[in-house]
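upload06.tsv (TSV, C-alpha atoms)
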```tsv
chain	number	residue	atom	x	y	z
A	257	MET	CA	0.00	0.00	0.00
A	258	ALA	CA	2.95	2.32	0.56
A	259	TYR	CA	3.97	1.65	-3.06
A	260	VAL	CA	0.41	2.28	-4.28
A	261	CYS	CA	0.25	5.57	-2.43
A	262	GLU	CA	3.61	6.67	-3.78
A	263	SER	CA	2.82	5.72	-7.37
A	264	THR	CA	-0.67	7.29	-7.42
A	265	GLY	CA	0.01	10.37	-5.31
A	266	VAL	CA	-2.66	9.41	-2.79
A	267	ALA	CA	-1.62	9.84	0.85
A	268	ARG	CA	-2.05	6.92	3.25
A	269	GLU	CA	-4.36	9.06	5.39
A	270	GLU	CA	-6.61	9.66	2.39
A	271	ILE	CA	-7.26	5.95	1.81
A	272	ALA	CA	-7.66	5.11	5.49
A	273	VAL	CA	-10.67	2.87	6.21
A	274	ALA	CA	-12.86	2.64	9.29
A	275	PRO	CA	-12.04	0.05	11.98
A	276	VAL	CA	-15.19	-1.97	11.21
A	277	LEU	CA	-15.39	-3.38	7.68
A	278	VAL	CA	-18.58	-4.90	6.27
A	279	GLY	CA	-17.59	-6.90	3.20
A	280	THR	CA	-20.14	-8.01	0.61
A	281	PHE	CA	-19.67	-9.82	-2.70
A	282	ALA	CA	-22.12	-7.73	-4.72
A	283	ALA	CA	-21.72	-4.08	-5.69
A	284	GLU	CA	-25.51	-3.69	-5.68
A	285	LEU	CA	-25.72	-4.77	-2.04
A	286	THR	CA	-22.77	-2.55	-1.09
A	287	SER	CA	-24.42	0.54	-2.58
A	288	PHE	CA	-27.78	-0.37	-1.01
A	289	LEU	CA	-26.23	-0.58	2.44
A	290	ALA	CA	-24.27	2.61	1.91
A	291	GLU	CA	-27.36	4.53	0.79
A	292	ARG	CA	-29.32	3.38	3.85
A	293	HIS	CA	-26.74	5.07	6.07
A	294	GLY	CA	-25.77	8.07	3.95
A	295	GLY	CA	-22.42	6.58	2.99
A	296	ARG	CA	-20.01	8.30	0.63
A	297	ARG	CA	-17.91	6.49	-1.94
A	298	SER	CA	-14.18	6.70	-1.43
A	299	GLY	CA	-12.78	8.55	-4.41
A	300	HIS	CA	-9.28	8.27	-2.98
A	301	TRP	CA	-9.53	4.48	-2.80
A	302	ALA	CA	-10.73	4.39	-6.42
A	303	ALA	CA	-7.66	6.44	-7.34
A	304	THR	CA	-5.42	3.58	-6.21
A	305	GLY	CA	-6.56	1.59	-9.24
A	306	SER	CA	-8.02	-1.29	-7.24
A	307	GLY	CA	-11.37	-1.03	-9.03
A	308	ARG	CA	-13.18	-1.89	-5.79
A	309	ASP	CA	-16.18	-0.18	-4.25
A	310	LEU	CA	-15.62	1.21	-0.77
A	311	TYR	CA	-18.00	3.49	1.09
A	312	HIS	CA	-17.45	5.35	4.35
A	313	LEU	CA	-20.56	5.40	6.52
A	314	ASP	CA	-18.90	7.38	9.29
A	315	GLY	CA	-15.59	7.22	11.09
A	316	ARG	CA	-16.46	3.82	12.55
A	317	VAL	CA	-17.84	1.63	9.74
A	318	CYS	CA	-17.16	1.19	6.04
A	319	VAL	CA	-18.66	-1.12	3.41
A	320	ALA	CA	-16.68	-2.69	0.57
A	321	THR	CA	-17.31	-5.11	-2.28
A	322	LEU	CA	-14.97	-8.08	-1.98
A	323	PRO	CA	-14.02	-10.03	-5.11
A	324	PRO	CA	-15.26	-13.64	-5.28
A	325	GLY	CA	-12.95	-16.53	-4.47
A	326	ALA	CA	-10.65	-16.99	-1.51
A	327	PRO	CA	-7.34	-15.67	-2.96
A	328	ALA	CA	-8.81	-12.44	-4.35
A	329	ALA	CA	-11.02	-11.76	-1.32
A	330	VAL	CA	-8.13	-12.26	1.09
A	331	SER	CA	-5.80	-10.07	-0.99
A	332	PHE	CA	-8.25	-7.18	-0.84
A	333	VAL	CA	-8.90	-7.66	2.88
A	334	GLU	CA	-5.13	-7.64	3.51
A	335	GLU	CA	-4.98	-4.22	1.85
A	336	LEU	CA	-7.93	-2.98	3.89
A	337	ILE	CA	-6.27	-4.23	7.10
A	338	ALA	CA	-3.15	-2.30	6.12
A	339	CYS	CA	-5.35	0.79	5.80
A	340	GLY	CA	-7.04	0.45	9.20
A	341	ALA	CA	-9.68	-2.31	9.21
A	342	ARG	CA	-9.75	-4.21	12.52
A	343	THR	CA	-13.12	-6.01	12.51
A	344	LEU	CA	-14.57	-7.91	9.54
A	345	LEU	CA	-18.25	-8.74	9.02
A	346	ILE	CA	-18.82	-10.83	5.88
A	347	VAL	CA	-22.14	-10.86	4.02
A	348	GLY	CA	-22.44	-13.54	1.36
A	349	MET	CA	-24.30	-16.50	-0.05
A	350	ALA	CA	-23.89	-20.23	0.41
A	351	GLY	CA	-25.24	-23.55	-0.73
A	352	SER	CA	-27.28	-25.51	1.81
A	353	LEU	CA	-26.32	-29.03	2.84
A	354	GLN	CA	-29.28	-29.49	5.20
A	355	PRO	CA	-32.88	-30.15	4.05
A	356	ASP	CA	-34.26	-27.85	6.74
A	357	LEU	CA	-32.23	-24.89	5.40
A	358	PRO	CA	-34.01	-24.01	2.14
A	359	ILE	CA	-33.30	-21.10	-0.19
A	360	GLY	CA	-33.72	-17.84	1.71
A	361	SER	CA	-32.52	-19.28	5.02
A	362	VAL	CA	-29.58	-17.63	6.77
A	363	VAL	CA	-26.57	-19.23	8.46
A	364	LEU	CA	-23.85	-17.99	10.82
A	365	PRO	CA	-20.67	-20.05	10.30
A	366	THR	CA	-18.96	-20.54	13.65
A	367	SER	CA	-16.09	-22.47	12.06
A	368	ALA	CA	-15.27	-23.58	8.53
A	369	ILE	CA	-13.68	-26.64	6.93
A	370	ARG	CA	-10.63	-25.39	5.05
A	371	GLU	CA	-10.78	-26.91	1.57
A	372	GLU	CA	-9.36	-23.85	-0.15
A	373	GLY	CA	-5.67	-23.21	-0.59
A	374	THR	CA	-5.31	-19.67	0.71
A	375	SER	CA	-5.84	-20.36	4.41
A	376	HIS	CA	-2.91	-22.80	4.50
A	377	HIS	CA	-0.55	-19.89	3.95
A	378	TYR	CA	-1.89	-18.26	7.13
A	379	LEU	CA	-2.56	-21.07	9.62
A	380	PRO	CA	-1.15	-24.55	10.23
A	381	ALA	CA	-3.35	-27.29	8.78
A	382	GLU	CA	-4.49	-28.47	12.21
A	383	VAL	CA	-5.75	-25.03	13.33
A	384	PRO	CA	-9.48	-24.51	12.69
A	385	ALA	CA	-10.79	-21.42	10.93
A	386	THR	CA	-13.20	-19.93	13.44
A	387	ALA	CA	-15.42	-16.90	13.83
A	388	THR	CA	-15.12	-14.49	16.76
A	389	PRO	CA	-17.90	-15.63	19.15
A	390	ALA	CA	-18.85	-12.09	20.23
A	391	LEU	CA	-19.39	-11.10	16.58
A	392	VAL	CA	-21.53	-14.17	15.91
A	393	ASP	CA	-23.65	-13.17	18.92
A	394	ALA	CA	-23.85	-9.59	17.64
A	395	LEU	CA	-25.08	-10.76	14.22
A	396	GLU	CA	-27.67	-13.03	15.81
A	397	ALA	CA	-28.91	-10.21	18.05
A	398	ALA	CA	-29.07	-7.77	15.13
A	399	TRP	CA	-31.28	-10.14	13.11
A	400	LYS	CA	-34.26	-9.46	15.40
A	401	GLY	CA	-37.60	-10.29	13.76
A	402	ASN	CA	-36.43	-10.60	10.16
A	403	GLY	CA	-37.88	-14.06	9.56
A	404	PRO	CA	-36.61	-17.38	10.96
A	405	ARG	CA	-33.52	-16.93	13.13
A	406	PRO	CA	-30.16	-17.65	11.49
A	407	ARG	CA	-28.67	-21.08	12.20
A	408	ALA	CA	-25.20	-21.05	13.71
A	409	GLY	CA	-22.85	-23.97	13.10
A	410	PHE	CA	-20.19	-25.66	11.00
A	411	HIS	CA	-19.52	-24.55	7.43
A	412	TRP	CA	-17.45	-25.75	4.46
A	413	THR	CA	-15.33	-23.63	2.10
A	414	THR	CA	-13.96	-24.96	-1.18
A	415	ASP	CA	-12.09	-23.55	-4.17
A	416	ALA	CA	-13.86	-25.90	-6.59
A	417	PRO	CA	-17.66	-25.55	-6.62
A	418	TYR	CA	-17.97	-28.03	-9.48
A	419	ARG	CA	-16.16	-30.67	-7.41
A	420	GLU	CA	-18.71	-30.74	-4.61
A	421	HIS	CA	-19.29	-34.43	-5.19
A	422	GLN	CA	-22.43	-36.15	-3.99
A	423	ARG	CA	-20.48	-38.45	-1.68
A	424	LYS	CA	-18.76	-35.51	0.02
A	425	VAL	CA	-22.00	-33.53	0.31
A	426	PHE	CA	-23.70	-36.49	1.97
A	427	ALA	CA	-20.76	-37.05	4.34
A	428	TYR	CA	-20.66	-33.43	5.45
A	429	ARG	CA	-24.44	-33.35	5.79
A	430	GLU	CA	-24.30	-36.35	8.11
A	431	ALA	CA	-21.55	-34.61	10.11
A	432	GLY	CA	-23.85	-31.64	10.68
A	433	VAL	CA	-22.18	-29.17	8.32
A	434	LEU	CA	-24.73	-26.52	7.35
A	435	SER	CA	-23.49	-24.89	4.17
A	436	VAL	CA	-20.72	-24.32	1.63
A	437	ASP	CA	-19.10	-21.29	-0.02
A	438	MET	CA	-15.78	-20.20	-1.56
A	439	GLU	CA	-14.37	-17.59	0.87
A	440	VAL	CA	-15.30	-17.89	4.56
A	441	SER	CA	-12.56	-20.21	5.86
A	442	ALA	CA	-9.86	-18.15	4.13
A	443	LEU	CA	-11.22	-14.87	5.48
A	444	TYR	CA	-11.47	-16.31	8.99
A	445	SER	CA	-7.88	-17.52	8.69
A	446	VAL	CA	-6.40	-14.19	7.61
A	447	ALA	CA	-8.37	-12.53	10.40
A	448	GLN	CA	-6.93	-14.96	12.97
A	449	HIS	CA	-3.43	-14.43	11.60
A	450	ARG	CA	-3.75	-10.64	11.74
A	451	GLY	CA	-5.45	-10.53	15.15
A	452	MET	CA	-8.69	-9.29	13.59
A	453	ALA	CA	-12.22	-10.10	14.78
A	454	ALA	CA	-14.38	-11.72	12.08
A	455	ALA	CA	-17.75	-13.37	11.50
A	456	ALA	CA	-19.97	-14.11	8.51
A	457	ILE	CA	-23.69	-14.10	7.81
A	458	LEU	CA	-24.70	-16.02	4.67
A	459	ALA	CA	-27.98	-16.33	2.79
A	460	ILE	CA	-28.78	-19.73	1.29
A	461	SER	CA	-28.77	-19.40	-2.50
A	462	ASP	CA	-29.10	-23.03	-3.56
A	463	GLU	CA	-29.82	-26.48	-2.15
A	464	LEU	CA	-27.30	-29.28	-2.64
A	465	TYR	CA	-29.83	-32.08	-2.51
A	466	GLU	CA	-31.24	-34.33	-5.22
A	467	PRO	CA	-32.08	-32.66	-7.51
A	468	TRP	CA	-29.87	-29.60	-7.10
A	469	ARG	CA	-32.13	-26.55	-6.72
A	470	LEU	CA	-30.86	-23.07	-7.60
A	471	GLY	CA	-32.42	-19.91	-6.22
A	472	PHE	CA	-30.08	-17.16	-7.39
A	473	ARG	CA	-32.89	-15.14	-8.99
A	474	THR	CA	-35.56	-15.75	-6.38
A	475	PRO	CA	-37.20	-13.05	-4.22
A	476	GLU	CA	-36.54	-15.23	-1.15
A	477	LEU	CA	-32.80	-14.94	-1.71
A	478	ARG	CA	-32.88	-11.21	-2.45
A	479	ARG	CA	-34.78	-10.56	0.77
A	480	ALA	CA	-32.45	-12.75	2.80
A	481	VAL	CA	-29.31	-11.09	1.42
A	482	ALA	CA	-30.67	-7.60	2.11
A	483	ARG	CA	-31.67	-8.54	5.66
A	484	ALA	CA	-28.29	-10.17	6.25
A	485	GLY	CA	-26.55	-7.00	5.09
A	486	LEU	CA	-28.64	-4.80	7.35
A	487	ALA	CA	-27.98	-7.11	10.30
A	488	ALA	CA	-24.23	-6.93	9.59
A	489	LEU	CA	-24.36	-3.13	9.57
A	490	GLU	CA	-26.27	-3.02	12.84
A	491	ALA	CA	-23.84	-5.45	14.42
A	492	GLY	CA	-20.94	-3.38	13.09
A	493	PHE	CA	-22.23	-0.17	14.63
A	494	GLY	CA	-22.86	-2.06	17.85
A	495	VAL	CA	-19.30	-3.30	18.24
A	496	CYS	CA	-17.59	0.03	17.45
```
In structure tokens, how does this file's structure come out?
Amino acid sequence: MAYVCESTGVAREEIAVAPVLVGTFAAELTSFLAERHGGRRSGHWAATGSGRDLYHLDGRVCVATLPPGAPAAVSFVEELIACGARTLLIVGMAGSLQPDLPIGSVVLPTSAIREEGTSHHYLPAEVPATATPALVDALEAAWKGNGPRPRAGFHWTTDAPYREHQRKVFAYREAGVLSVDMEVSALYSVAQHRGMAAAAILAISDELYEPWRLGFRTPELRRAVARAGLAALEAGFGVC
């Protein structure tokens, strides 16, 4: 980041981010959350050439669009940590492994199986990728009456969504794993390595049953994602 500042003429103070970072994976959701709280887009961050959306809501909380996939998401979060982020609240989507978690449900991963490569550069293989319990509690409290309460529990992260084989899905389902995505375990791992608090709230976008059911364009998913984002913001303001 020192190199970026030097090469673009943007001072480090000008790209500073708030201590609490809410990271989404959709620019539309980022702008929606920013508008709800009168956020302003960071022109200085855009000047660094990152191409990422980042909004300042006040001096305590900011909202950014993270790129999909563990390596890219972690790289961007590393840069945001270097610029001042100290708490990470992740808002995303996940596939459900459990029949009682249909599309539009919401999960709170307390720990994640590390089947992506990025986390292994941050933590030894035997160390679990875990959420910060106080942040999980804050997300659950912020949900309030927005439909069925989020389910907290084990999660699975993989780099290869098209290699989620039936046998593995069934095995993890029997083990009580709730859901699967491509980023959470890596983001938890970089947070643990950097001494950063982190937790995720994920809306169920598809069901990994037989047959596979996709809900990416459904109103149930859109509502769940919006509510998850609002809960993350409330939790973020609460922990400042």
(message) Need to verify the contact set: segment 468-478 of chain A, 10 Å, all atoms listed in the file, exclusion of same-chain residues closer than 3 positions in sequence. Can you return it as a PyMOL selection string?
(response) chain A and resi 285+349+351-352+358-362+459-465+481-484
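Residues with at least one atom no more than 8 Å from (-5.7, -2.9, 14.1), using all atoms listed in the file, are Pro275, Ile337, Gly340, Ala341, Arg342, Gly451 and Met452 of chain A.
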(message) Which residue is closest to Leu434 of chain A? Choose from A:Asp356, A:Glu420, A:Glu466, A:Asp415 and count all atoms listed in the file.
(response)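 Looking only at the distances to Leu434 of chain A, the closest residue turns out to be A:Asp356.
Taking atom CA of Ala387 of chain A as the reference point, atom CA of Glu269 of chain A is found at 29.5 Å.
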Can you list every residue of segment 411-470 of chain A that has an atom at most 12 Å from segment 490-493 of chain A, with its nearest atom pair and the distance in Å to one decimal, using only C-alpha atoms, ordered by chain then number, as a tab-separated table?
```
residue	atom	partner	partner_atom	distance
A:Ala453	CA	A:Gly492	CA	11.1
A:Ala454	CA	A:Gly492	CA	10.7
A:Ala455	CA	A:Ala491	CA	10.4
A:Ala456	CA	A:Ala491	CA	11.2
A:Ile457	CA	A:Ala491	CA	10.9
```
Just so I have it separately, write segment 321-448 of chain A from the block I sent, keeping C-alpha atoms, as a CSV table (one decimal), in the first residue's frame.
```
chain,number,residue,atom,x,y,z
A,321,THR,CA,-17.3,-5.1,-2.3
A,322,LEU,CA,-15.0,-8.1,-2.0
A,323,PRO,CA,-14.0,-10.0,-5.1
A,324,PRO,CA,-15.3,-13.6,-5.3
A,325,GLY,CA,-12.9,-16.5,-4.5
A,326,ALA,CA,-10.6,-17.0,-1.5
A,327,PRO,CA,-7.3,-15.7,-3.0
A,328,ALA,CA,-8.8,-12.4,-4.3
A,329,ALA,CA,-11.0,-11.8,-1.3
A,330,VAL,CA,-8.1,-12.3,1.1
A,331,SER,CA,-5.8,-10.1,-1.0
A,332,PHE,CA,-8.3,-7.2,-0.8
A,333,VAL,CA,-8.9,-7.7,2.9
A,334,GLU,CA,-5.1,-7.6,3.5
A,335,GLU,CA,-5.0,-4.2,1.9
A,336,LEU,CA,-7.9,-3.0,3.9
A,337,ILE,CA,-6.3,-4.2,7.1
A,338,ALA,CA,-3.1,-2.3,6.1
A,339,CYS,CA,-5.4,0.8,5.8
A,340,GLY,CA,-7.0,0.5,9.2
A,341,ALA,CA,-9.7,-2.3,9.2
A,342,ARG,CA,-9.7,-4.2,12.5
A,343,THR,CA,-13.1,-6.0,12.5
A,344,LEU,CA,-14.6,-7.9,9.5
A,345,LEU,CA,-18.2,-8.7,9.0
A,346,ILE,CA,-18.8,-10.8,5.9
A,347,VAL,CA,-22.1,-10.9,4.0
A,348,GLY,CA,-22.4,-13.5,1.4
A,349,MET,CA,-24.3,-16.5,-0.1
A,350,ALA,CA,-23.9,-20.2,0.4
A,351,GLY,CA,-25.2,-23.6,-0.7
A,352,SER,CA,-27.3,-25.5,1.8
A,353,LEU,CA,-26.3,-29.0,2.8
A,354,GLN,CA,-29.3,-29.5,5.2
A,355,PRO,CA,-32.9,-30.1,4.0
A,356,ASP,CA,-34.3,-27.9,6.7
A,357,LEU,CA,-32.2,-24.9,5.4
A,358,PRO,CA,-34.0,-24.0,2.1
A,359,ILE,CA,-33.3,-21.1,-0.2
A,360,GLY,CA,-33.7,-17.8,1.7
A,361,SER,CA,-32.5,-19.3,5.0
A,362,VAL,CA,-29.6,-17.6,6.8
A,363,VAL,CA,-26.6,-19.2,8.5
A,364,LEU,CA,-23.8,-18.0,10.8
A,365,PRO,CA,-20.7,-20.0,10.3
A,366,THR,CA,-19.0,-20.5,13.7
A,367,SER,CA,-16.1,-22.5,12.1
A,368,ALA,CA,-15.3,-23.6,8.5
A,369,ILE,CA,-13.7,-26.6,6.9
A,370,ARG,CA,-10.6,-25.4,5.1
A,371,GLU,CA,-10.8,-26.9,1.6
A,372,GLU,CA,-9.4,-23.8,-0.2
A,373,GLY,CA,-5.7,-23.2,-0.6
A,374,THR,CA,-5.3,-19.7,0.7
A,375,SER,CA,-5.8,-20.4,4.4
A,376,HIS,CA,-2.9,-22.8,4.5
A,377,HIS,CA,-0.5,-19.9,3.9
A,378,TYR,CA,-1.9,-18.3,7.1
A,379,LEU,CA,-2.6,-21.1,9.6
A,380,PRO,CA,-1.2,-24.5,10.2
A,381,ALA,CA,-3.3,-27.3,8.8
A,382,GLU,CA,-4.5,-28.5,12.2
A,383,VAL,CA,-5.7,-25.0,13.3
A,384,PRO,CA,-9.5,-24.5,12.7
A,385,ALA,CA,-10.8,-21.4,10.9
A,386,THR,CA,-13.2,-19.9,13.4
A,387,ALA,CA,-15.4,-16.9,13.8
A,388,THR,CA,-15.1,-14.5,16.8
A,389,PRO,CA,-17.9,-15.6,19.2
A,390,ALA,CA,-18.9,-12.1,20.2
A,391,LEU,CA,-19.4,-11.1,16.6
A,392,VAL,CA,-21.5,-14.2,15.9
A,393,ASP,CA,-23.6,-13.2,18.9
A,394,ALA,CA,-23.8,-9.6,17.6
A,395,LEU,CA,-25.1,-10.8,14.2
A,396,GLU,CA,-27.7,-13.0,15.8
A,397,ALA,CA,-28.9,-10.2,18.1
A,398,ALA,CA,-29.1,-7.8,15.1
A,399,TRP,CA,-31.3,-10.1,13.1
A,400,LYS,CA,-34.3,-9.5,15.4
A,401,GLY,CA,-37.6,-10.3,13.8
A,402,ASN,CA,-36.4,-10.6,10.2
A,403,GLY,CA,-37.9,-14.1,9.6
A,404,PRO,CA,-36.6,-17.4,11.0
A,405,ARG,CA,-33.5,-16.9,13.1
A,406,PRO,CA,-30.2,-17.7,11.5
A,407,ARG,CA,-28.7,-21.1,12.2
A,408,ALA,CA,-25.2,-21.0,13.7
A,409,GLY,CA,-22.9,-24.0,13.1
A,410,PHE,CA,-20.2,-25.7,11.0
A,411,HIS,CA,-19.5,-24.6,7.4
A,412,TRP,CA,-17.4,-25.8,4.5
A,413,THR,CA,-15.3,-23.6,2.1
A,414,THR,CA,-14.0,-25.0,-1.2
A,415,ASP,CA,-12.1,-23.6,-4.2
A,416,ALA,CA,-13.9,-25.9,-6.6
A,417,PRO,CA,-17.7,-25.5,-6.6
A,418,TYR,CA,-18.0,-28.0,-9.5
A,419,ARG,CA,-16.2,-30.7,-7.4
A,420,GLU,CA,-18.7,-30.7,-4.6
A,421,HIS,CA,-19.3,-34.4,-5.2
A,422,GLN,CA,-22.4,-36.1,-4.0
A,423,ARG,CA,-20.5,-38.5,-1.7
A,424,LYS,CA,-18.8,-35.5,0.0
A,425,VAL,CA,-22.0,-33.5,0.3
A,426,PHE,CA,-23.7,-36.5,2.0
A,427,ALA,CA,-20.8,-37.1,4.3
A,428,TYR,CA,-20.7,-33.4,5.5
A,429,ARG,CA,-24.4,-33.3,5.8
A,430,GLU,CA,-24.3,-36.4,8.1
A,431,ALA,CA,-21.5,-34.6,10.1
A,432,GLY,CA,-23.9,-31.6,10.7
A,433,VAL,CA,-22.2,-29.2,8.3
A,434,LEU,CA,-24.7,-26.5,7.3
A,435,SER,CA,-23.5,-24.9,4.2
A,436,VAL,CA,-20.7,-24.3,1.6
A,437,ASP,CA,-19.1,-21.3,0.0
A,438,MET,CA,-15.8,-20.2,-1.6
A,439,GLU,CA,-14.4,-17.6,0.9
A,440,VAL,CA,-15.3,-17.9,4.6
A,441,SER,CA,-12.6,-20.2,5.9
A,442,ALA,CA,-9.9,-18.2,4.1
A,443,LEU,CA,-11.2,-14.9,5.5
A,444,TYR,CA,-11.5,-16.3,9.0
A,445,SER,CA,-7.9,-17.5,8.7
A,446,VAL,CA,-6.4,-14.2,7.6
A,447,ALA,CA,-8.4,-12.5,10.4
A,448,GLN,CA,-6.9,-15.0,13.0
```
